[in-house]
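Dumped data_19.pdb below, it's PDB, C-alpha atoms:
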ATOM      1  CA  MET A 343       0.000   0.000   0.000
ATOM      2  CA  ARG A 344       2.996   2.310   0.082
ATOM      3  CA  GLU A 345       2.599   3.051  -3.648
ATOM      4  CA  TRP A 346      -0.694   4.780  -2.970
ATOM      5  CA  HIS A 347      -1.234   8.272  -1.629
ATOM      6  CA  PRO A 348      -0.942   8.467   2.197
ATOM      7  CA  SER A 349      -4.505   9.765   2.514
ATOM      8  CA  THR A 350      -5.801   6.610   0.814
ATOM      9  CA  GLY A 351      -4.178   4.295   3.333
ATOM     10  CA  ALA A 352      -5.196   6.554   6.217
ATOM     11  CA  VAL A 353      -8.883   6.579   5.218
ATOM     12  CA  LEU A 354      -8.957   2.822   4.632
ATOM     13  CA  LEU A 355      -7.184   1.771   7.827
ATOM     14  CA  LEU A 356      -8.955   4.312  10.039
ATOM     15  CA  SER A 357     -12.310   3.070   8.734
ATOM     16  CA  LEU A 358     -11.374  -0.503   9.594
ATOM     17  CA  LEU A 359     -10.001   0.530  12.987
ATOM     18  CA  VAL A 360     -13.128   2.453  13.977
ATOM     19  CA  LEU A 361     -15.566  -0.218  12.767
ATOM     20  CA  SER A 362     -13.589  -2.959  14.506
ATOM     21  CA  ALA A 363     -13.387  -1.025  17.774
ATOM     22  CA  PHE A 364     -17.146  -0.513  18.097
ATOM     23  CA  SER A 365     -18.601  -3.867  17.098
ATOM     24  CA  THR A 366     -18.891  -7.083  19.092
ATOM     25  CA  GLU A 367     -20.646  -9.068  16.367
ATOM     26  CA  PRO A 368     -18.817 -12.404  15.881
ATOM     27  CA  PHE A 369     -18.852 -12.152  12.075
ATOM     28  CA  VAL A 370     -17.361  -8.674  12.160
ATOM     29  CA  ILE A 371     -14.694  -9.696  14.678
ATOM     30  CA  LEU A 372     -13.678 -12.790  12.687
ATOM     31  CA  CYS A 373     -13.499 -10.848   9.416
ATOM     32  CA  SER A 374     -11.475  -8.108  11.082
ATOM     33  CA  LEU A 375      -9.043 -10.571  12.670
ATOM     34  CA  ALA A 376      -8.639 -12.500   9.422
ATOM     35  CA  GLY A 377      -8.000  -9.347   7.410
ATOM     36  CA  GLY A 378      -5.665  -7.794   9.978
ATOM     37  CA  LEU A 379      -3.581 -10.930  10.507
ATOM     38  CA  SER A 380      -3.397 -11.585   6.754
ATOM     39  CA  PHE A 381      -2.143  -8.061   6.127
ATOM     40  CA  CYS A 382       0.431  -8.378   8.930
ATOM     41  CA  ALA A 383       1.565 -11.687   7.410
ATOM     42  CA  MET A 384       2.068 -10.015   4.040
ATOM     43  CA  THR A 385       4.076  -7.204   5.617
ATOM     44  CA  GLY A 386       6.267  -9.488   7.732
ATOM     45  CA  GLY A 387       4.818  -9.303  11.239
ATOM     46  CA  ALA A 388       2.344 -12.166  11.541
ATOM     47  CA  ARG A 389       4.079 -14.152  14.295
ATOM     48  CA  GLY A 390       4.262 -11.340  16.829
ATOM     49  CA  GLN A 391       0.778 -10.108  15.985
ATOM     50  CA  LEU A 392      -0.679 -13.606  16.317
ATOM     51  CA  LYS A 393       0.868 -13.966  19.775
ATOM     52  CA  THR A 394      -0.655 -10.633  20.788
ATOM     53  CA  VAL A 395      -4.086 -11.648  19.483
ATOM     54  CA  LEU A 396      -4.059 -14.980  21.306
ATOM     55  CA  LEU A 397      -2.821 -13.379  24.534
ATOM     56  CA  VAL A 398      -5.517 -10.685  24.514
ATOM     57  CA  VAL A 399      -8.335 -13.106  23.686
ATOM     58  CA  VAL A 400      -7.250 -15.632  26.333
ATOM     59  CA  ILE A 401      -6.859 -12.980  29.043
ATOM     60  CA  PHE A 402     -10.296 -11.458  28.443
ATOM     61  CA  THR A 403     -11.939 -14.872  28.097
ATOM     62  CA  LEU A 404     -10.561 -16.110  31.410
ATOM     63  CA  THR A 405     -10.956 -12.906  33.415
ATOM     64  CA  ASN A 406     -14.448 -11.857  32.351
ATOM     65  CA  PRO A 407     -16.196 -14.631  34.400
ATOM     66  CA  LEU A 408     -14.472 -13.234  37.498
ATOM     67  CA  PHE A 409     -16.421  -9.972  37.137
ATOM     68  CA  SER A 410     -19.583 -11.087  35.338
ATOM     69  CA  HIS A 411     -21.621 -13.986  36.705
ATOM     70  CA  ARG A 412     -24.666 -13.658  34.495
ATOM     71  CA  GLY A 413     -25.760 -16.512  32.278
ATOM     72  CA  GLU A 414     -27.937 -19.581  32.236
ATOM     73  CA  GLN A 415     -25.294 -22.247  31.497
ATOM     74  CA  VAL A 416     -23.278 -22.555  34.708
ATOM     75  CA  LEU A 417     -20.024 -24.468  34.309
ATOM     76  CA  PHE A 418     -18.836 -24.490  37.913
ATOM     77  CA  TYR A 419     -18.659 -22.345  41.042
ATOM     78  CA  LEU A 420     -15.560 -20.455  42.175
ATOM     79  CA  ASN A 421     -15.725 -19.040  45.719
ATOM     80  CA  HIS A 422     -19.508 -19.351  45.599
ATOM     81  CA  ASN A 423     -19.614 -17.359  42.349
ATOM     82  CA  ALA A 424     -20.965 -18.941  39.193
ATOM     83  CA  VAL A 425     -18.652 -19.249  36.196
ATOM     84  CA  THR A 426     -20.951 -19.333  33.179
ATOM     85  CA  LEU A 427     -20.442 -20.202  29.540
ATOM     86  CA  ASP A 428     -22.114 -16.926  28.623
ATOM     87  CA  ALA A 429     -19.472 -14.947  30.515
ATOM     88  CA  LEU A 430     -16.677 -16.833  28.758
ATOM     89  CA  TYR A 431     -18.282 -16.148  25.389
ATOM     90  CA  GLU A 432     -18.726 -12.465  26.184
ATOM     91  CA  GLY A 433     -15.104 -12.193  27.290
ATOM     92  CA  ALA A 434     -13.954 -13.838  24.061
ATOM     93  CA  ARG A 435     -15.997 -11.353  22.037
ATOM     94  CA  ILE A 436     -14.557  -8.356  23.886
ATOM     95  CA  GLY A 437     -11.031  -9.754  23.602
ATOM     96  CA  GLY A 438     -11.511 -10.413  19.894
ATOM     97  CA  MET A 439     -12.768  -6.875  19.342
ATOM     98  CA  LEU A 440      -9.733  -5.397  21.124
ATOM     99  CA  ALA A 441      -7.318  -7.777  19.349
ATOM    100  CA  ALA A 442      -8.771  -6.863  15.942
ATOM    101  CA  SER A 443      -8.384  -3.169  16.747
ATOM    102  CA  LEU A 444      -4.748  -3.783  17.716
ATOM    103  CA  CYS A 445      -4.153  -5.577  14.405
ATOM    104  CA  TRP A 446      -5.390  -2.628  12.363
ATOM    105  CA  PHE A 447      -3.509  -0.187  14.581
ATOM    106  CA  SER A 448      -0.350  -2.167  13.869
ATOM    107  CA  ALA A 449      -1.177  -2.112  10.156
ATOM    108  CA  PHE A 450      -1.658   1.654  10.385
ATOM    109  CA  GLY A 451       1.851   1.992  11.790
ATOM    110  CA  ARG A 452       3.286  -0.213   9.045
ATOM    111  CA  VAL A 453       1.691   1.730   6.200
ATOM    112  CA  LEU A 454       1.931   5.296   7.525
ATOM    113  CA  ASP A 455       5.460   5.987   8.709
ATOM    114  CA  GLY A 456       6.682   9.288  10.110
ATOM    115  CA  GLU A 457       7.237  10.835   6.679
ATOM    116  CA  ARG A 458       3.663  10.164   5.572
ATOM    117  CA  ILE A 459       2.165  11.370   8.849
ATOM    118  CA  VAL A 460       4.140  14.619   8.639
ATOM    119  CA  TYR A 461       2.967  14.997   5.033
ATOM    120  CA  LEU A 462      -0.698  14.559   5.999
ATOM    121  CA  LEU A 463      -0.743  16.569   9.225
ATOM    122  CA  GLY A 464       2.254  18.867   8.826
ATOM    123  CA  ARG A 465       0.336  21.903   7.593
ATOM    124  CA  PRO A 466      -2.955  21.786   9.547
ATOM    125  CA  PHE A 467      -1.540  20.235  12.753
ATOM    126  CA  PRO A 468       2.275  20.586  12.786
ATOM    127  CA  LYS A 469       2.720  19.875  16.515
ATOM    128  CA  THR A 470       0.493  16.800  16.385
ATOM    129  CA  ALA A 471       2.310  15.507  13.302
ATOM    130  CA  LEU A 472       5.694  15.937  14.975
ATOM    131  CA  LEU A 473       4.475  14.258  18.163
ATOM    132  CA  ILE A 474       3.046  11.225  16.339
ATOM    133  CA  SER A 475       6.038  10.777  14.054
ATOM    134  CA  SER A 476       8.435  11.079  17.003
ATOM    135  CA  ALA A 477       6.418   8.550  19.003
ATOM    136  CA  LEU A 478       6.454   6.046  16.143
ATOM    137  CA  ARG A 479      10.198   6.506  15.776
ATOM    138  CA  MET A 480      10.800   6.068  19.491
ATOM    139  CA  VAL A 481       8.718   2.889  19.575
ATOM    140  CA  SER A 482      10.723   1.357  16.739
ATOM    141  CA  LEU A 483      13.986   2.228  18.497
ATOM    142  CA  ALA A 484      12.898   1.081  21.958
ATOM    143  CA  GLY A 485      13.724  -2.616  21.483
ATOM    144  CA  PRO A 486      17.242  -2.262  19.973
ATOM    145  CA  ARG A 487      18.101   0.549  22.379
ATOM    146  CA  HIS A 488      17.048  -1.485  25.427
ATOM    147  CA  THR A 489      19.092  -4.439  24.178
ATOM    148  CA  ALA A 490      22.164  -2.238  23.717
ATOM    149  CA  VAL A 491      21.787  -0.747  27.201
ATOM    150  CA  LYS A 492      21.385  -4.195  28.737
ATOM    151  CA  GLU A 493      24.485  -5.581  27.019
ATOM    152  CA  ALA A 494      26.558  -2.524  27.978
ATOM    153  CA  ARG A 495      25.568  -2.746  31.637
ATOM    154  CA  LEU A 496      26.232  -6.498  31.629
ATOM    155  CA  ALA A 497      29.698  -5.893  30.190
ATOM    156  CA  ALA A 498      30.329  -3.295  32.903
ATOM    157  CA  GLY A 499      29.520  -5.882  35.580
ATOM    158  CA  LEU A 500      26.514  -4.032  37.006
ATOM    159  CA  LYS A 501      24.379  -7.134  37.445
ATOM    160  CA  GLY A 502      24.511  -8.814  40.831
ATOM    161  CA  ASP A 503      23.270 -12.163  42.137
ATOM    162  CA  GLY A 504      19.793 -12.870  43.415
ATOM    163  CA  ALA A 505      16.230 -11.964  42.512
ATOM    164  CA  LEU A 506      16.423  -8.491  44.049
ATOM    165  CA  ALA A 507      19.602  -7.723  42.102
ATOM    166  CA  ASP A 508      17.928  -8.878  38.872
ATOM    167  CA  LEU A 509      14.994  -6.583  39.582
ATOM    168  CA  ARG A 510      17.280  -3.629  40.220
ATOM    169  CA  PHE A 511      19.244  -4.426  37.065
ATOM    170  CA  ALA A 512      16.060  -4.533  34.952
ATOM    171  CA  ALA A 513      14.804  -1.278  36.491
ATOM    172  CA  GLY A 514      18.147   0.364  35.750
ATOM    173  CA  ASN A 515      18.032  -0.780  32.145
ATOM    174  CA  LEU A 516      14.540   0.629  31.763
ATOM    175  CA  SER A 517      15.520   3.929  33.387
ATOM    176  CA  VAL A 518      18.521   4.399  31.110
ATOM    177  CA  SER A 519      16.533   3.458  28.000
ATOM    178  CA  LEU A 520      13.733   5.889  28.840
ATOM    179  CA  GLY A 521      16.251   8.631  29.557
ATOM    180  CA  MET A 522      17.905   8.140  26.179
ATOM    181  CA  THR A 523      14.505   8.115  24.466
ATOM    182  CA  LEU A 524      13.408  11.374  26.111
ATOM    183  CA  GLU A 525      16.733  13.001  25.309
ATOM    184  CA  THR A 526      16.408  11.995  21.654
ATOM    185  CA  ALA A 527      12.852  13.362  21.549
ATOM    186  CA  VAL A 528      13.992  16.729  22.971
ATOM    187  CA  GLU A 529      16.861  16.936  20.474
ATOM    188  CA  SER A 530      14.493  16.149  17.587
ATOM    189  CA  GLY A 531      12.027  18.816  18.744
ATOM    190  CA  ASN A 532      14.762  21.454  19.054
ATOM    191  CA  SER A 533      16.129  20.515  15.641
ATOM    192  CA  MET A 534      12.729  20.820  13.955
ATOM    193  CA  LYS A 535      12.067  24.124  15.724
ATOM    194  CA  ALA A 536      15.398  25.502  14.521
ATOM    195  CA  ARG A 537      14.434  24.579  10.964
ATOM    196  CA  GLY A 538      11.192  26.511  11.205
ATOM    197  CA  PHE A 539       8.835  23.544  11.257
ATOM    198  CA  GLY A 540       5.225  24.654  11.741
ATOM    199  CA  LEU A 541       5.823  28.369  11.080
ATOM    200  CA  PRO A 542       3.197  30.190   8.956
ATOM    201  CA  GLY A 543       4.117  30.371   5.291
ATOM    202  CA  ARG A 544       6.727  27.634   5.494
ATOM    203  CA  THR A 545       6.732  25.528   2.337
ATOM    204  CA  SER A 546       7.375  21.802   2.177
ATOM    205  CA  TYR A 547       8.167  19.241  -0.469
ATOM    206  CA  GLY A 548       6.390  15.927  -0.817
ATOM    207  CA  LEU A 549       6.934  13.019  -3.144
ATOM    208  CA  PHE A 550       3.273  11.984  -3.016
ATOM    209  CA  ARG A 551       0.779  12.859  -5.721
ATOM    210  CA  PHE A 552      -2.969  12.327  -5.427
ATOM    211  CA  ALA A 553      -4.082  10.409  -8.550
ATOM    212  CA  LEU A 554      -7.461   9.472  -9.947
ATOM    213  CA  ARG A 555      -7.155   5.930  -8.622
ATOM    214  CA  ASP A 556      -6.767   7.320  -5.095
ATOM    215  CA  GLY A 557      -9.992   9.277  -5.413
ATOM    216  CA  ILE A 558     -11.858   6.255  -6.760
ATOM    217  CA  LEU A 559     -10.579   4.017  -3.978
ATOM    218  CA  ILE A 560     -11.389   6.563  -1.256
ATOM    219  CA  GLY A 561     -14.910   6.930  -2.649
ATOM    220  CA  GLY A 562     -15.390   3.158  -2.674
ATOM    221  CA  VAL A 563     -14.020   2.826   0.857
ATOM    222  CA  ALA A 564     -16.325   5.604   2.096
ATOM    223  CA  LEU A 565     -19.353   3.891   0.535
ATOM    224  CA  LEU A 566     -18.453   0.497   1.993
ATOM    225  CA  THR A 567     -17.798   2.078   5.397
ATOM    226  CA  VAL A 568     -21.204   3.755   5.480
ATOM    227  CA  LEU A 569     -22.991   0.562   4.409
ATOM    228  CA  ALA A 570     -21.044  -1.547   6.903
ATOM    229  CA  ALA A 571     -21.735   0.934   9.717
ATOM    230  CA  VAL A 572     -25.465   0.902   8.927
ATOM    231  CA  GLY A 573     -25.443  -2.897   8.873
ATOM    232  CA  ILE A 574     -23.622  -3.100  12.214
ATOM    233  CA  LEU A 575     -25.784  -0.494  13.947
ATOM    234  CA  MET A 576     -29.074  -1.883  12.645
ATOM    235  CA  THR A 577     -27.929  -5.551  12.830
ATOM    236  CA  TYR A 578     -28.750  -5.952   9.149
ATOM    237  CA  VAL A 579     -26.749  -9.066   8.260
ATOM    238  CA  PRO A 580     -26.585  -8.655   4.426
ATOM    239  CA  LEU A 581     -24.679  -5.377   4.808
ATOM    240  CA  TRP A 582     -22.017  -7.114   6.915
ATOM    241  CA  VAL A 583     -20.624  -8.397   3.619
ATOM    242  CA  CYS A 584     -19.490  -4.822   2.956
ATOM    243  CA  PHE A 585     -17.288  -5.011   6.016
ATOM    244  CA  GLY A 586     -15.808  -8.301   4.811
ATOM    245  CA  VAL A 587     -14.965  -6.692   1.466
ATOM    246  CA  LEU A 588     -13.460  -3.720   3.282
ATOM    247  CA  CYS A 589     -11.204  -6.039   5.323
ATOM    248  CA  GLY A 590      -9.928  -7.683   2.146
ATOM    249  CA  ILE A 591      -8.946  -4.465   0.355
ATOM    250  CA  PRO A 592      -5.590  -3.944   2.199
ATOM    251  CA  CYS A 593      -4.524  -7.521   1.391
ATOM    252  CA  LEU A 594      -5.538  -7.101  -2.249
ATOM    253  CA  LEU A 595      -3.558  -3.877  -2.591
ATOM    254  CA  GLU A 596      -0.506  -5.317  -0.831
ATOM    255  CA  GLY A 597      -0.672  -8.546  -2.876
ATOM    256  CA  ARG A 598      -0.904  -6.542  -6.095
ATOM    257  CA  GLU A 599       2.245  -4.614  -5.199
ATOM    258  CA  LYS A 600       4.160  -7.785  -4.326
ATOM    259  CA  LEU A 601       3.183  -9.415  -7.628
ATOM    260  CA  ARG A 602       4.313  -6.351  -9.539
ATOM    261  CA  TRP A 603       7.706  -6.401  -7.807
ATOM    262  CA  ARG A 604       8.204 -10.119  -8.514
ATOM    263  CA  SER A 605       7.136  -9.938 -12.150
TER     264      SER A 605
END
Spell out the structure here as structure tokens.
Amino acid sequence: MREWHPSTGAVLLLSLLVLSAFSTEPFVILCSLAGGLSFCAMTGGARGQLKTVLLVVVIFTLTNPLFSHRGEQVLFYLNHNAVTLDALYEGARIGGMLAASLCWFSAFGRVLDGERIVYLLGRPFPKTALLISSALRMVSLAGPRHTAVKEARLAAGLKGDGALADLRFAAGNLSVSLGMTLETAVESGNSMKARGFGLPGRTSYGLFRFALRDGILIGGVALLTVLAAVGILMTYVPLWVCFGVLCGIPCLLEGREKLRWRS
């Protein structure tokens, strides 16, 4: 999807994210999970995303009966509280809804990097664009930076013996990593301010051009989003197909690009 205009990917993925975050219908959740995981698989992040999905669904499925005891099909009693099949099912639905939203949020981060976010929001919301792009950059650097800090402190012999020493060592690693991240964020902000970012009348250059195909796709996505939203709100099952089609569009676009590169 990186060959398309940034606004096209933003409209498509935001539509999927919003619809997935406000629907607990099983069909919608399954379609959203299938589309999100398929897109992550095509962009090289299926294993980690699948672990996240399973973890979220399992946690909500197992913890919901601890707070909700409603339901007719009682499985067993825990501390005189009924654990029902209905509560497990409801927890699975809520976990699936949250996991699907996380999938599309991850896809949003894969498609719209800092350059595209600054291009979309740089003029109307320069501070917001800088904040989001900096946050995405810091998140991508957090893992390698934490690993480097850990290895450096291990080489310096700062790790002691025992559980308490391990806890202090881990807390120290986290403190140093966060300090480096905040320092980098401050340096980036000062650098952008010195270059006049966000000042009135400042011009910018972008490599992206809005083509006719982008307008057609955005129009189609808007129509499918409205139909899917009406179907979800009114529980009109035939319109749920629109949501299924909407979930398949990112995979179709990404697959088309991969075939073009291989041909």
Proximity of range 401-469 of chain A to range 364-376 of chain A: per-residue shortest pair, 10 Å limit, all atoms listed in the file, as a tab-separated table:
residue	atom	partner	partner_atom	distance
A:Glu432	CA	A:Thr366	CA	8.9
A:Ala434	CA	A:Pro368	CA	9.6
A:Arg435	CA	A:Thr366	CA	5.9
A:Ile436	CA	A:Thr366	CA	6.6
A:Gly437	CA	A:Thr366	CA	9.4
A:Gly438	CA	A:Ile371	CA	6.2
A:Met439	CA	A:Ile371	CA	5.8
A:Leu440	CA	A:Ile371	CA	9.2
A:Ala441	CA	A:Leu375	CA	7.4
A:Ala442	CA	A:Leu375	CA	5.0
A:Ser443	CA	A:Ser374	CA	8.1
A:Leu444	CA	A:Leu375	CA	9.5
A:Cys445	CA	A:Leu375	CA	7.2
A:Trp446	CA	A:Ser374	CA	8.3
* Which residue out of A:Leu430, A:Cys382, A:Val398, A:Leu594 has the minimum interatomic distance to Ser410 in chain A when only C-alpha atoms are used? ->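 Residue with the minimum atom-to-atom distance to Ser410 in chain A: A:Leu430.
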* For CA of Ser448 in chain A and CA of Leu595 in chain A, quote the distance in Å rounded to one decimal. => 16.9 Å
* Residues within 9 Å of range 527-531 of chain A, all atoms listed in the file, excluding chain neighbours under 2 positions, as a PyMOL selection string -> chain A and resi 472-473+476-477+480+522-525+533-536
Give, as AutoDock Vina command-line options, the centre coordinates and the x, y and z edge lengths in Å to one decimal for an axis-aligned box around all listed atoms of range 441-451 of chain A, padded by 8 Å on each side.
--center_x -3.5 --center_y -2.9 --center_z 14.8 --size_x 26.6 --size_y 25.8 --size_z 25.2
* Quote the spacing between CA of Leu392 in chain A and CA of Gly590 in chain A in Å to one decimal place. => 17.9 Å
